[in-house]
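What follows is one structure encoded as C-alpha cells, with my remarks underneath.
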Amino acid sequence: MIVELGHFALILAFMVAVFQMIVPLVGAHRGNAAWMAVADPAATTQFLLTAFSFAALTYAFVTSDFSLNLVTANSHTDKPMLYKISGVWGNHEGSLLLWVLILTLFGACAAWFGSNLPPSLKARVLAVQSSVSVAFFAFILFTSNPFLRLEIPPFDGQDLNPLLQDPGLAFHPPFLYLGYVGLSMAFSFAVAALIEGRVDAAWGRWVRPWTLAAWVFLTIGIGLGSWWAYYELGWGGFWFWDPVENASLMPWLIAAALLHSSIVVEKRESLKSWTILLAILAFGFSLIGTFIVRSGVLTSVHAFANDPERGVFILMILCFFMGGALLLFAFRAGAMEAKGVFSMVSRESGLVVNNLLLAVSTFVVFIGTIWPLIAEMFWDRTLSVGPPFFNMAFTPFVFALAVALPIGAMMPWKRAKLGRALVALVPAFVLAVAVGLLTWAVFTGQSALSPLGVALSVWLVAGAVVDLWSRTGRGSAGGRFGRLWRLPRADWGKTVAHAGVGITMFGVVALTGYQVEDIRVAQVGQPYRVGAYEIELLSVDENARGPNYLSTMAHVAVRNAEGRQIALLHPERRFYPVAGMPTTEAGIDSGFTRDVYLALGDPQTGGGWALRTWIKPFANWIWGGTIIMALGGFLSLSDRRYRFAAGAAKAPAQPQGVPAE
C-alpha cells in the first residue's frame with residue numbers, strides 16, 4: 001500500500017510541477033500578484049510529494065519488499081542496512097528519483113528563502129525551475145518508473161552491484177547530485193533574467209550563493225568518488241579520466257568560472273552576458289553528464305544503464321533546455337549592456353583570464369570525452385582517448401591557472417598596477433621557488449614537471465595567505481592581526497578555498513611524480529623491501545566470510561627501516577555469490593606524508609601470491625585539499641551578505657516591460 005501511495009504522490013507532484021511551470025510565469029507576464037504568489041506553495045507541495053514518494057521507495061528497500069521489481073534487482077536480505085538504503089539510489093530509476101527530489105528541494109528553498117527577490121523575478125525563477133522538474137518527472141513516469149510491481153515476487157533479491165557496497169559510494173551520489181542539480185538554480189536565474197531583460201548587481205548577489213552551494217557539493221562529491229576509486233578498486237589510482245569522471249569535472253570547472261564572473265557582475269556590473277552564458281552552460285554540462293551516465297553511448301564502470309531509448313529522452317531534454325536558453329540568450333544578450341569599465345590590468349581582467357582558462361580546460365575535457373563517439377559516428381573508427389591525452393592537454397591550463405590566480409586576487413578593481421601586485425607577492429614567489437628547487441635537489445633525475453607543480457602549489461597557498469593579509473591594511477602587526485579576524489567570512493572563504501586547490505595540486509603532483517611501485521610473487525614468511533619499508537606476507541586466509549560475501553584475505557606486516565612493525569594490513573579479494581562478481585579490497589596504512597598501499601592478486605602455480613605494493617607520498621593531501629576547498633565554500637556561504645540574497649532587496653524594482661539598461 002505504501003508503495004502505491006508513493007507512486008500516486010509522484011504523479012501528483014508531476015501535476016503540481018506542470019501547474020507551477022505555467023501559472024506563475026503567466027502571472028509575471030501580466031503583472032498579476034495572485035498568480036505569481038502561487039509559486040511558493042506549489043514549490044513546497046511539489047517537494048513534499050516527491051519526498052514522500054522517495055520515502056516510500058526507501059521503505060520498500062529497507063523492508064526488502066521483493067514484490068517491487070527495483071528492490072529485487074538491487075537488494076538482498078543479507079545486505080547490510082547501510083547498503084539497503086544506498087541501494088535506493090544505486091540504480092537508474094532510484095537515482096533519478098533522488099535527482100528529482102533534490103531538484104524540488106532547491107525549488108522549495110528558493111521559495112522559502114527568496115523573500116528578498118522581486119516578485120516577478122521570483123515567480124519566473126520558480127516557473128523555470130519547475131519546467132526542469134516537469135521534464136524529469138515525465139522521464140521517470142514514462143520510461144523509468146521505480147514503482148513497478150512483479151506479478152510473482154521471488155524469495156530473495158539479486159543484490160546490489162558489489163562495487164557500490166561501500167561507504168564512499170553510499171554518500172558519493174547524493175553529494176554529486178546536490179552539485180549537479182544545484183546548478184539548475186543558476187540556470188533558472190539566468191533564464192528568468194533573460195525573460196525580464198535585467199541583470200544587475202543584485203542579480204549577481206542572488207545567483208552567487210546558489211552557484212557556490214552547488215560548487216561545494218560537487219567538490220565533496222568528486223572528492224568522495226576519487227577517494228572510493230583509490231581504496232576500493234585496487235588499482236592504486238585516484239583519477240582515470242573515465243567519461244563519467246569527466247562528466248562531473250566539466251560542470252565543476254564551469255561552476256568555478258561562474259562563481260568568479262558573478263563577482264564581477266555584483267561588484268562592477270560587467271561581464272553580464274558572459275555570466276548568463278556560463279550559468280546556462282554549467283547546467284548544460286550537468287545534463288550532458290546525465291546523458292553519458294544513462295544512455296550507454298560511452299562505456300564507463302560508473303554507468304547506471306545501457307538503454308538508447310532512455311538516452312534519446314535525455315538528449316531531448318538537453319536539446320530543449322539548452323537550445324531554448326541559448327536561443328533566448330541570442331535574442332536578449334543585447335539588453336545585458338555592461339555598466340562598469342575596467343583597464344587591461346585590473347581584478348576584472350584577472351577574473352576574465354581565470355574564466356578563459358577554466359572554460360578552455362572544460363572544452364579540452366569535453367572534446368577528449370566525446371571524441372571516441374565522434375570518430376565512430378563519422379569515420380567508423382574505434383578510438384580510445386585515455387589519460388595520456390588528458391594529462392598532456394589539460395595540465396598546461398591548470399599550471400597557467402595556478403600562476404594567474406594569486407596575481408589576479410591581489411589586484412584592485414577597475415585599474416591596477418601590475419608591479420605593485422607582484423611586489424606584494426614576492427615572499428610567496430621566493431617560498432615557491434625555494435620549495436621547488438629543494439624538491440628538484442632531493443629527487444634529481446625525475447621529470448621537471450613535478451618540482452614545477454610543487455612550486456606552483458606552494459605559490460597558490462602562499463599567494464592566498466598574502467592576499468588575505470593584504471586586506472588588513474597597514475600598521476602594526478598586532479593591529480593587523482586584530483583586523484584579520486574581523487575580515488568578512490567571504491574573504492576567509494576565498495583564501496581557504498584557493499589554499500585547498502593548492503594543497504590538492506601538491507598531493508596530485510607528489511603522488512604521480514614520486515610514488516614507488518613493486519609487483520611480485522610474495523612468498524609467505526619471506527620479507528622484501530619497497531622503498532624505505534619492509535613488507536612480509538604472514539599468511540593468507542582463503543575461507544574468510546562477510547555478511548554477504550566470501551573473502552580471500554592476506555595478512556601482511558609492514559616494518560620501517562629499523563625493523564619495527566608499524567602496520568598489519570589485510571588486503572583481500574571478495575566474491576559476492578548472489579551477484580557472481582569479485583572485488584578487490586586494498587590494504588592501506590595511511591599517514592600524513594605517505595600511504596603504504598597493498599593489493600592482493602591471484603595465487604601462483606609455483607607457490608606464493610601476486611602482491612602489488614605502492615608507497616604513495618602525500619596521497620591524503622589530495623582529499624584533504626578537497627575538504628579544505630569545501631570548507632572555504634561553506635565559510636563564504638555563511639557570510640551574511642551572501643545568505644540567499646540578504647540585503648539585495650534594497651535594489652529598486654524595475655517596472656514591467658521596461659529594460660533595466
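Scheme for the C-alpha cells: letters A, B, ... for chains in order shown; per-chain residue numbers from 1; ligand numbers from 1 in order shown.
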Report task. May I have the residues within 9 Å of stretch 99-116 of chain A as an MDAnalysis selection string, using only C-alpha atoms and disregarding those fewer than 5 positions away in the same chain? Result -> chainID A and resid 39:48 50:51 53:54 94 122 125:126 129:130 132:133 136:137 174 177:178 180:182 184:185 206 210 643:650
Would you mind exporting the chosen residues as a CSV table (one decimal), in the first residue's frame, restricted to N, CA and C atoms?
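Written output follows (out15.csv):
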```csv
chain,number,residue,atom,x,y,z
A,39,ALA,N,3.4,30.4,-6.8
A,39,ALA,CA,4.6,29.6,-7.0
A,39,ALA,C,5.2,29.1,-5.7
A,40,ASP,N,5.1,29.9,-4.6
A,40,ASP,CA,5.7,29.4,-3.3
A,40,ASP,C,5.0,28.2,-2.8
A,41,PRO,N,3.7,28.2,-2.6
A,41,PRO,CA,3.1,26.9,-2.0
A,41,PRO,C,3.2,25.8,-3.0
A,42,ALA,N,3.2,26.0,-4.3
A,42,ALA,CA,3.3,25.0,-5.3
A,42,ALA,C,4.7,24.3,-5.2
A,43,ALA,N,5.8,25.1,-5.0
A,43,ALA,CA,7.1,24.6,-4.9
A,43,ALA,C,7.2,23.7,-3.6
A,44,THR,N,6.6,24.2,-2.5
A,44,THR,CA,6.7,23.4,-1.3
A,44,THR,C,5.9,22.1,-1.4
A,45,THR,N,4.7,22.2,-2.0
A,45,THR,CA,3.9,21.0,-2.2
A,45,THR,C,4.6,20.0,-3.1
A,46,GLN,N,5.2,20.5,-4.2
A,46,GLN,CA,6.0,19.6,-5.1
A,46,GLN,C,7.1,18.9,-4.4
A,47,PHE,N,7.8,19.6,-3.5
A,47,PHE,CA,8.9,18.9,-2.8
A,47,PHE,C,8.4,17.9,-1.8
A,48,LEU,N,7.3,18.2,-1.0
A,48,LEU,CA,6.8,17.3,0.0
A,48,LEU,C,6.2,16.0,-0.7
A,50,THR,N,7.2,14.7,-3.5
A,50,THR,CA,8.4,14.0,-4.0
A,50,THR,C,9.1,13.3,-2.9
A,51,ALA,N,9.2,14.0,-1.7
A,51,ALA,CA,9.9,13.4,-0.6
A,51,ALA,C,9.1,12.2,-0.1
A,53,SER,N,7.3,10.3,-1.9
A,53,SER,CA,7.5,9.2,-2.9
A,53,SER,C,8.9,8.5,-2.7
A,54,PHE,N,9.9,9.4,-2.4
A,54,PHE,CA,11.2,8.8,-2.2
A,54,PHE,C,11.2,8.0,-0.9
A,94,GLY,N,16.0,4.6,-9.2
A,94,GLY,CA,16.1,5.3,-7.9
A,94,GLY,C,16.9,6.5,-7.9
A,122,LYS,N,11.1,36.2,-8.9
A,122,LYS,CA,11.0,35.0,-8.1
A,122,LYS,C,10.0,34.1,-8.8
A,125,VAL,N,11.7,32.5,-11.8
A,125,VAL,CA,12.7,31.6,-11.4
A,125,VAL,C,12.1,30.2,-11.0
A,126,LEU,N,11.0,30.3,-10.2
A,126,LEU,CA,10.3,29.1,-9.7
A,126,LEU,C,9.6,28.4,-10.9
A,129,GLN,N,12.4,26.7,-12.9
A,129,GLN,CA,12.9,25.5,-12.1
A,129,GLN,C,11.9,24.4,-12.2
A,130,SER,N,10.6,24.7,-12.2
A,130,SER,CA,9.6,23.7,-12.3
A,130,SER,C,9.5,23.1,-13.7
A,132,VAL,N,12.0,22.3,-15.5
A,132,VAL,CA,13.0,21.2,-15.4
A,132,VAL,C,12.5,20.0,-14.7
A,133,SER,N,11.7,20.3,-13.6
A,133,SER,CA,11.1,19.2,-12.9
A,133,SER,C,10.1,18.4,-13.7
A,136,PHE,N,11.9,15.9,-16.0
A,136,PHE,CA,12.4,14.8,-15.3
A,136,PHE,C,11.3,13.9,-14.7
A,137,PHE,N,10.2,14.5,-14.2
A,137,PHE,CA,9.1,13.7,-13.8
A,137,PHE,C,8.5,12.9,-14.9
A,174,PRO,N,24.6,11.2,-3.6
A,174,PRO,CA,23.8,12.3,-3.1
A,174,PRO,C,24.5,13.7,-3.2
A,177,TYR,N,24.8,14.7,-6.8
A,177,TYR,CA,23.5,15.2,-7.4
A,177,TYR,C,23.2,16.6,-6.8
A,178,LEU,N,23.5,16.8,-5.5
A,178,LEU,CA,23.3,18.2,-4.9
A,178,LEU,C,24.1,19.2,-5.7
A,180,TYR,N,25.2,18.7,-9.1
A,180,TYR,CA,24.6,18.8,-10.5
A,180,TYR,C,23.3,19.6,-10.5
A,181,VAL,N,22.4,19.2,-9.6
A,181,VAL,CA,21.0,19.8,-9.6
A,181,VAL,C,21.1,21.2,-9.1
A,182,GLY,N,22.0,21.5,-8.2
A,182,GLY,CA,22.1,22.8,-7.7
A,182,GLY,C,22.4,23.8,-8.8
A,184,SER,N,21.0,23.9,-11.5
A,184,SER,CA,19.7,24.2,-12.1
A,184,SER,C,19.2,25.6,-11.6
A,185,MET,N,19.6,25.9,-10.4
A,185,MET,CA,19.1,27.2,-9.8
A,185,MET,C,19.8,28.4,-10.6
A,206,TRP,N,22.3,37.5,-5.9
A,206,TRP,CA,21.3,36.4,-5.7
A,206,TRP,C,21.8,35.1,-6.3
A,210,TRP,N,23.7,30.3,-4.7
A,210,TRP,CA,23.2,29.0,-5.3
A,210,TRP,C,24.4,28.3,-6.0
A,643,ARG,N,23.9,35.3,2.1
A,643,ARG,CA,22.9,34.3,2.5
A,643,ARG,C,21.6,34.5,1.8
A,644,PHE,N,21.4,33.8,0.7
A,644,PHE,CA,20.2,33.9,-0.1
A,644,PHE,C,19.8,35.3,-0.4
A,645,ALA,N,20.7,36.1,-0.9
A,645,ALA,CA,20.4,37.5,-1.4
A,645,ALA,C,20.1,38.4,-0.2
A,646,ALA,N,20.6,38.2,0.9
A,646,ALA,CA,20.4,39.1,2.1
A,646,ALA,C,20.9,40.5,1.7
A,647,GLY,N,20.0,41.4,1.9
A,647,GLY,CA,20.4,42.8,1.7
A,647,GLY,C,20.2,43.2,0.2
A,648,ALA,N,19.9,42.3,-0.7
A,648,ALA,CA,19.8,42.7,-2.1
A,648,ALA,C,18.4,43.2,-2.4
A,649,ALA,N,17.5,43.1,-1.4
A,649,ALA,CA,16.1,43.6,-1.7
A,649,ALA,C,16.0,45.1,-1.8
A,650,LYS,N,17.1,45.8,-1.4
A,650,LYS,CA,17.1,47.2,-1.5
A,650,LYS,C,17.1,47.8,-2.9
```
Query raised in the report: Which residues, written as a PyMOL selection string, have at least one atom at most 9 Å from A:Gly608, with only C-alpha atoms counted and residues fewer than 3 positions away on the same chain left out?
Result: chain A and resi 521-524+602-605
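Using only C-alpha atoms for every distance, the candidate list A:Pro406, A:Gly633, A:Pro146, A:Pro451 yields A:Pro146 as the residue closest to A:Val88.
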Query - Between atom CA of A:Leu425 and atom CA of A:Arg474 - distance in Å to one decimal - result: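 That distance, rounded to one decimal, is 15.9 Å.
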Query raised in the report: Out of A:Ser248, A:Pro547, A:Gly580, A:Ser262, which residue has the shortest atom-to-atom distance to A:Ile292 when counting only C-alpha atoms?
Result: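 Of the candidates, the smallest distance to A:Ile292 is held by A:Ser248.
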Contacts of A:Pro427 at 9 Å or less, counting only C-alpha atoms, minus same-chain residues fewer than 3 places along, as a compact mmCIF listing (two decimals) with N, CA and C atoms, in the first residue's frame?
```txt
# COMPACT_ATOMS: atom_id res chain seq x y z
N VAL A 423 55.00 42.94 -6.39
CA VAL A 423 55.88 43.20 -5.24
C VAL A 423 55.29 42.58 -3.97
N ALA A 424 53.99 42.71 -3.79
CA ALA A 424 53.35 42.14 -2.60
C ALA A 424 53.48 40.62 -2.56
N VAL A 430 59.24 33.72 -3.64
CA VAL A 430 60.51 33.21 -3.11
C VAL A 430 60.31 31.84 -2.45
N LEU A 431 59.24 31.73 -1.65
CA LEU A 431 58.96 30.46 -0.99
C LEU A 431 58.67 29.36 -2.00
N ALA A 432 57.88 29.68 -3.03
CA ALA A 432 57.55 28.69 -4.05
C ALA A 432 58.79 28.21 -4.79
N ALA A 462 50.61 30.12 -0.67
CA ALA A 462 51.25 31.33 -0.12
C ALA A 462 50.60 32.59 -0.68
N GLY A 463 50.23 32.56 -1.96
CA GLY A 463 49.55 33.71 -2.55
C GLY A 463 48.22 33.99 -1.91
N VAL A 466 48.96 35.66 1.42
CA VAL A 466 49.39 37.05 1.23
C VAL A 466 48.20 37.94 0.87
```
**Report entry** Shell around A:Ala561 at 8 Å using only C-alpha atoms, local window under 5 positions removed, as a ChimeraX atom specification
**Finding:** /A:532-534
Query raised in the report: Quick one: residues within 12 Å of A:Gly436, only C-alpha atoms counted, chain neighbours fewer than 2 positions away excluded, as JSON, numbers by chain?
Result: {"A": [429, 430, 431, 432, 433, 434, 438, 439, 440, 441, 442, 443, 444, 448, 449, 450, 451, 452, 453, 454, 455, 456, 457, 458, 459, 506, 509, 510]}
Query raised in the report: With distances taken over only C-alpha atoms, which of A:Glu348, A:Ile11, A:Ala464, A:Leu487 is nearest to A:Ala138?
Result: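 Among the listed residues, A:Ile11 lies closest to A:Ala138.
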Requested in this report: Would you mind telling me which residue in A:Ala55, A:Asp166, A:Trp239, A:Glu196 lies nearest to A:Ala28 when using only C-alpha atoms?
Outcome: A:Glu196
**Report entry** Residues flagged strand (DSSP E) by DSSP in stretch 424-645 of chain A, as a PyMOL selection string
**Finding:** chain A and resi 516-522+528-530+533-545+550-559+565-569+572-576+581-585+587-590+594-603+609-617
Output the selection as a short mmCIF file (atom, residue, chain, number, x, y, z; two decimals), in the first residue's frame - C-alpha atoms for each residue.
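To be explicit, this is the file written out as selection-v7.cif:
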```cif
data_model
loop_
_atom_site.label_atom_id
_atom_site.label_comp_id
_atom_site.auth_asym_id
_atom_site.auth_seq_id
_atom_site.Cartn_x
_atom_site.Cartn_y
_atom_site.Cartn_z
CA VAL A 516 57.25 3.81 -5.70
CA GLU A 517 55.64 0.67 -7.15
CA ASP A 518 56.53 -3.00 -6.74
CA ILE A 519 54.81 -6.04 -8.31
CA ARG A 520 56.00 -9.52 -7.32
CA VAL A 521 55.07 -13.04 -6.26
CA ALA A 522 55.25 -12.84 -2.47
CA TYR A 528 61.14 -7.90 0.86
CA ARG A 529 61.87 -4.19 0.68
CA VAL A 530 59.95 -1.47 -1.15
CA TYR A 533 59.77 -0.22 4.13
CA GLU A 534 59.97 -3.96 4.66
CA ILE A 535 56.92 -5.97 3.58
CA GLU A 536 56.23 -9.54 4.72
CA LEU A 537 53.30 -11.77 3.74
CA LEU A 538 52.46 -13.55 7.02
CA SER A 539 49.54 -15.72 5.90
CA VAL A 540 46.53 -15.93 3.59
CA ASP A 541 43.07 -16.94 4.82
CA GLU A 542 41.10 -18.37 1.89
CA ASN A 543 37.92 -19.03 3.88
CA ALA A 544 37.08 -15.65 5.36
CA ARG A 545 33.43 -14.58 5.20
CA LEU A 550 33.29 -14.75 0.65
CA SER A 551 36.84 -13.47 1.05
CA THR A 552 40.44 -14.44 0.48
CA MET A 553 42.28 -12.25 2.98
CA ALA A 554 46.03 -11.74 3.30
CA HIS A 555 47.78 -10.68 6.49
CA VAL A 556 50.79 -8.51 5.69
CA ALA A 557 53.24 -6.89 8.10
CA VAL A 558 54.76 -3.51 7.27
CA ARG A 559 58.01 -2.55 9.04
CA GLN A 565 56.34 -3.23 12.72
CA ILE A 566 54.23 -0.14 12.01
CA ALA A 567 51.13 -1.72 10.47
CA LEU A 568 49.36 -5.02 9.88
CA LEU A 569 47.38 -4.78 6.64
CA GLU A 572 41.59 -9.11 0.25
CA ARG A 573 39.72 -10.41 -2.75
CA ARG A 574 35.98 -10.69 -2.18
CA PHE A 575 33.41 -12.70 -4.07
CA TYR A 576 29.70 -11.91 -3.86
CA MET A 581 31.06 -10.70 -9.00
CA PRO A 582 34.54 -10.33 -7.43
CA THR A 583 36.01 -7.15 -5.96
CA THR A 584 39.46 -6.13 -4.73
CA GLU A 585 39.85 -4.50 -1.32
CA GLY A 587 45.07 -2.76 2.45
CA ILE A 588 46.24 0.78 3.21
CA ASP A 589 48.34 2.21 6.02
CA SER A 590 47.56 5.91 5.76
CA ARG A 594 52.64 8.78 2.75
CA ASP A 595 50.40 5.75 2.22
CA VAL A 596 51.60 2.15 2.09
CA TYR A 597 49.12 0.55 -0.33
CA LEU A 598 48.77 -3.21 -0.93
CA ALA A 599 46.58 -5.09 -3.42
CA LEU A 600 46.31 -8.89 -3.36
CA GLY A 601 46.35 -10.80 -6.64
CA ASP A 602 45.85 -14.45 -7.60
CA PRO A 603 47.67 -17.48 -6.19
CA TRP A 609 50.63 -14.88 -4.18
CA ALA A 610 50.75 -11.94 -6.55
CA LEU A 611 51.10 -8.84 -4.37
CA ARG A 612 51.26 -5.28 -5.59
CA THR A 613 52.80 -2.63 -3.35
CA TRP A 614 52.88 1.15 -3.66
CA ILE A 615 54.47 3.79 -1.48
CA LYS A 616 52.37 6.87 -2.24
CA PRO A 617 53.71 10.18 -0.90
#
```
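Interatomic distance, atom CA of A:Ile288 to atom CA of A:Phe240: 18.9 Å.
The nearest approach to A:Met344 among the residues A:Ile367, A:Ala416, A:Ala586, A:Leu318, with only C-alpha atoms taken into account, belongs to A:Ala416.
Distance annotation: of A:Leu212, A:Ala402, A:Ile254, A:Leu484, the residue with the minimal separation from A:Asn355 is A:Ile254; atom set is only C-alpha atoms.
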I'd like the contact shell of A:Leu383 - 10 Å cut-off, only C-alpha atoms, skipping same-chain residues fewer than 6 positions apart - returned as a tab-separated table (two decimals) with N, CA and C atoms, in the first residue's frame.
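Okay, this is what ended up in out-v1.tsv:
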```
chain	number	residue	atom	x	y	z
A	371	TRP	N	35.24	12.49	-28.13
A	371	TRP	CA	35.91	12.20	-29.41
A	371	TRP	C	35.75	10.75	-29.86
A	372	PRO	N	35.81	9.73	-28.98
A	372	PRO	CA	35.55	8.36	-29.47
A	372	PRO	C	34.19	8.21	-30.12
A	373	LEU	N	33.17	8.89	-29.57
A	373	LEU	CA	31.83	8.83	-30.16
A	373	LEU	C	31.81	9.51	-31.52
A	374	ILE	N	32.46	10.66	-31.64
A	374	ILE	CA	32.52	11.36	-32.93
A	374	ILE	C	33.24	10.52	-33.97
A	375	ALA	N	34.36	9.93	-33.58
A	375	ALA	CA	35.14	9.11	-34.52
A	375	ALA	C	34.34	7.92	-35.02
A	376	GLU	N	33.55	7.33	-34.13
A	376	GLU	CA	32.74	6.17	-34.53
A	376	GLU	C	31.58	6.59	-35.43
```
**Report entry** Test item: residues at most 9 Å from A:Asp156, only C-alpha atoms, excluding those fewer than 4 positions along its chain, as a PyMOL selection string
**Finding:** chain A and resi 64+66+72+75-77
Please identify the helix (DSSP H, G or I) residues within stretch 465-526 of chain A (assignment by DSSP from backbone atoms) and present them as an mmCIF file with C-alpha atoms, in the first residue's frame.
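Once written, states33.cif looks like this:
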```cif
data_model
loop_
_atom_site.group_PDB
_atom_site.id
_atom_site.type_symbol
_atom_site.label_atom_id
_atom_site.label_comp_id
_atom_site.auth_asym_id
_atom_site.auth_seq_id
_atom_site.Cartn_x
_atom_site.Cartn_y
_atom_site.Cartn_z
ATOM 1 C CA VAL A 465 47.696 33.879 2.521
ATOM 2 C CA VAL A 466 49.389 37.051 1.228
ATOM 3 C CA ASP A 467 46.098 38.192 -0.349
ATOM 4 C CA LEU A 468 44.265 37.748 2.961
ATOM 5 C CA TRP A 469 46.996 39.550 4.899
ATOM 6 C CA SER A 470 46.958 42.448 2.420
ATOM 7 C CA ALA A 477 51.408 43.608 13.307
ATOM 8 C CA GLY A 478 49.149 43.456 16.367
ATOM 9 C CA GLY A 479 46.626 45.815 14.832
ATOM 10 C CA ARG A 480 46.672 43.929 11.542
ATOM 11 C CA PHE A 481 46.091 40.603 13.309
ATOM 12 C CA GLY A 482 43.128 42.158 15.078
ATOM 13 C CA ARG A 483 41.675 43.313 11.768
ATOM 14 C CA LEU A 484 42.446 39.908 10.235
ATOM 15 C CA TRP A 485 39.942 38.137 12.474
ATOM 16 C CA ARG A 489 33.825 35.370 6.083
ATOM 17 C CA ALA A 490 33.698 35.589 2.304
ATOM 18 C CA ASP A 491 37.326 36.801 2.306
ATOM 19 C CA TRP A 492 38.331 33.946 4.576
ATOM 20 C CA GLY A 493 36.359 31.519 2.448
ATOM 21 C CA LYS A 494 38.130 32.613 -0.734
ATOM 22 C CA THR A 495 41.539 32.219 0.907
ATOM 23 C CA VAL A 496 40.728 28.794 2.342
ATOM 24 C CA ALA A 497 39.282 27.545 -0.982
ATOM 25 C CA HIS A 498 42.286 28.765 -3.004
ATOM 26 C CA ALA A 499 44.639 27.188 -0.447
ATOM 27 C CA GLY A 500 42.675 23.938 -0.780
ATOM 28 C CA VAL A 501 43.266 23.989 -4.541
ATOM 29 C CA GLY A 502 46.990 24.373 -3.901
ATOM 30 C CA ILE A 503 47.047 21.527 -1.355
ATOM 31 C CA THR A 504 45.181 19.183 -3.704
ATOM 32 C CA MET A 505 47.540 20.123 -6.523
ATOM 33 C CA PHE A 506 50.530 19.379 -4.266
ATOM 34 C CA GLY A 507 49.118 15.955 -3.396
ATOM 35 C CA VAL A 508 48.492 15.092 -7.055
ATOM 36 C CA VAL A 509 51.968 16.173 -8.144
ATOM 37 C CA ALA A 510 53.724 14.404 -5.266
ATOM 38 C CA LEU A 511 51.811 11.159 -5.746
ATOM 39 C CA THR A 512 52.123 10.958 -9.523
ATOM 40 C CA GLY A 513 55.738 12.129 -9.607
ATOM 41 C CA TYR A 514 57.336 10.281 -6.705
#
```
